[in-house]
Every structure is written in C-alpha cells, then in structure tokens.
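Undergrad: Below is a structure I'd like to ask you about.
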Amino acid sequence: MVFTIIIALCCTSIFGNVFSLIIEKEYFIPEQSSIFTFTETVGNDGSSDVWRYGEDYSNYYFNLSTFDNDVLFFSKKNINNCPGFNPKDISTWCKVKVPKY
C-alpha cells in the first residue's frame with residue numbers, strides 16, 4: 001500500500017508544484033486544477049518562475065499575469081471543434097477572448 005502511494009506521488013506533478021510554490025511567491029495553481037494534476041508547459045520568459053501555459057487532465061491554461069491570478073482555460077473536450085488549436089498559443093483557442101487591461 002505504501003509503495004503504491006509513493007509510486008502515485010512520483011507520477012504526479014505534486015513535487016514540482018510544491019517546490020515552485022515554496023520558492024516563487026508569484027507561483028500559483030489555477031482554481032480549476034489541482035496541485036496533483038497541474039503541469040507547467042511554458043514558463044515565463046522573465047526573471048520570475050511563474051508559468052505562462054499549463055495543463056492538467058481536463059484543461060489547458062493561460063496565465064493572464066494579474067494580481068488576482070486570473071487564468072483563461074480551454075477544455076480538452078473542445079479540441080476537435082477548434083481547427084488549428086495549439087495549446088501553447090492562446091490566439092488559437094476558439095471562443096476564448098483575452099481581456100484587454
């Protein structure tokens with residue numbers, strides 16, 4: 001039983017997420033996701049370790065870099081209805097509008 005739990009923890013993103021949450025005050029996990037399932041796919045180009053794009057089993061995420069930790073998300077169920085979809089390019093996410101600040 002303990003071995004199964006250890007294997008399960010090693011196969012999730014929990015260790016990377018916990019580490020990032022500890023070392024980077026700006027790092028966060030989207031409300032719609034979980035510390036166990038969220039994976040950063042594209043990091044920030046700047047000096048911060050905040051993610052720009054991420055995903056979990058259900059959604060793709062884009063970090064809007066606001067003080068409120070707002071994100072846009074696109075359900076993986078909708079990929080087939082979105083020609084040209086690229087999970088690392090928010091401009092290809094059908095029916096998702098990026099707010100102007």
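Labels used: A, B, ... for chains in the order of the structure tokens, numbers from 1 for residues in each chain, and numbers from 1 for ligands as shown.
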Would you mind listing what lies within 12 Å of A:Ile29 as a ChimeraX atom specification, with only C-alpha atoms counted and same-chain residues fewer than 2 positions away left out?

TA: /A:13-14,16-18,20-21,25-27,31-40,50-56,61-63,69-71

Undergrad: I need the residues from that last selection saved to file as a CSV table (one decimal), in the first residue's frame (with C-alpha atoms), if you can.

TA:
chain,number,residue,atom,x,y,z
A,13,SER,CA,3.2,16.9,-10.6
A,14,ILE,CA,3.0,17.4,-6.9
A,16,GLY,CA,7.4,20.2,-8.8
A,17,ASN,CA,4.3,22.2,-7.8
A,18,VAL,CA,5.2,22.2,-4.1
A,20,SER,CA,7.6,26.1,-7.1
A,21,LEU,CA,5.0,27.3,-4.5
A,25,LYS,CA,5.9,33.8,-4.3
A,26,GLU,CA,4.1,34.6,-7.6
A,27,TYR,CA,3.6,30.9,-8.5
A,31,GLU,CA,-8.5,27.2,-9.1
A,32,GLN,CA,-9.9,24.8,-11.8
A,33,SER,CA,-6.9,22.5,-11.3
A,34,SER,CA,-5.1,20.7,-8.6
A,35,ILE,CA,-1.6,20.6,-7.1
A,36,PHE,CA,-1.6,16.9,-8.0
A,37,THR,CA,-2.5,17.3,-11.7
A,38,PHE,CA,-1.4,20.7,-12.9
A,39,THR,CA,1.7,20.8,-15.1
A,40,GLU,CA,3.5,23.9,-16.3
A,50,VAL,CA,5.7,31.9,-13.0
A,51,TRP,CA,4.2,29.7,-15.7
A,52,ARG,CA,2.6,31.1,-18.9
A,53,TYR,CA,0.9,28.0,-20.1
A,54,GLY,CA,-0.1,24.9,-18.3
A,55,GLU,CA,-2.4,21.9,-18.4
A,56,ASP,CA,-4.0,19.1,-16.4
A,61,TYR,CA,-4.4,27.1,-19.0
A,62,PHE,CA,-3.0,30.5,-19.9
A,63,ASN,CA,-1.8,32.8,-17.0
A,69,ASN,CA,-4.1,35.2,-10.5
A,70,ASP,CA,-6.7,35.2,-13.3
A,71,VAL,CA,-6.4,32.5,-15.9

Undergrad: Can you list, as an MDAnalysis selection string, every residue of chain A that DSSP puts in alpha helix (DSSP H)?

TA: chainID A and resid 2:10 14:23

Undergrad: Which distance in Å separates atom CA of A:Pro99 and atom CA of A:Ile23, to one decimal?

TA: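 Atom-to-atom, atom CA of A:Pro99 and atom CA of A:Ile23 are spaced 29.0 Å apart.
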
Undergrad: Quick check, in Å to one decimal: how far apart do atom CA of A:Lys76 and atom CA of A:Leu64 lie?

TA: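 So the two atoms, atom CA of A:Lys76 and atom CA of A:Leu64, lie 19.2 Å apart.
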
Undergrad: Identify all residues of stretch 3-87 of chain A in strand (DSSP E or B) (DSSP on the backbone) and supply them as a VMD selection string.

TA: chain A and resid 39 to 43 51 to 55 59 to 63 71 to 75

Undergrad: Restricting the calculation to only C-alpha atoms, which member of A:Pro30, A:Asp45, A:Phe15, A:Lys100 is positioned closest to A:Asn59?

TA: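 Checking each candidate against A:Asn59, we get A:Pro30 as the closest.
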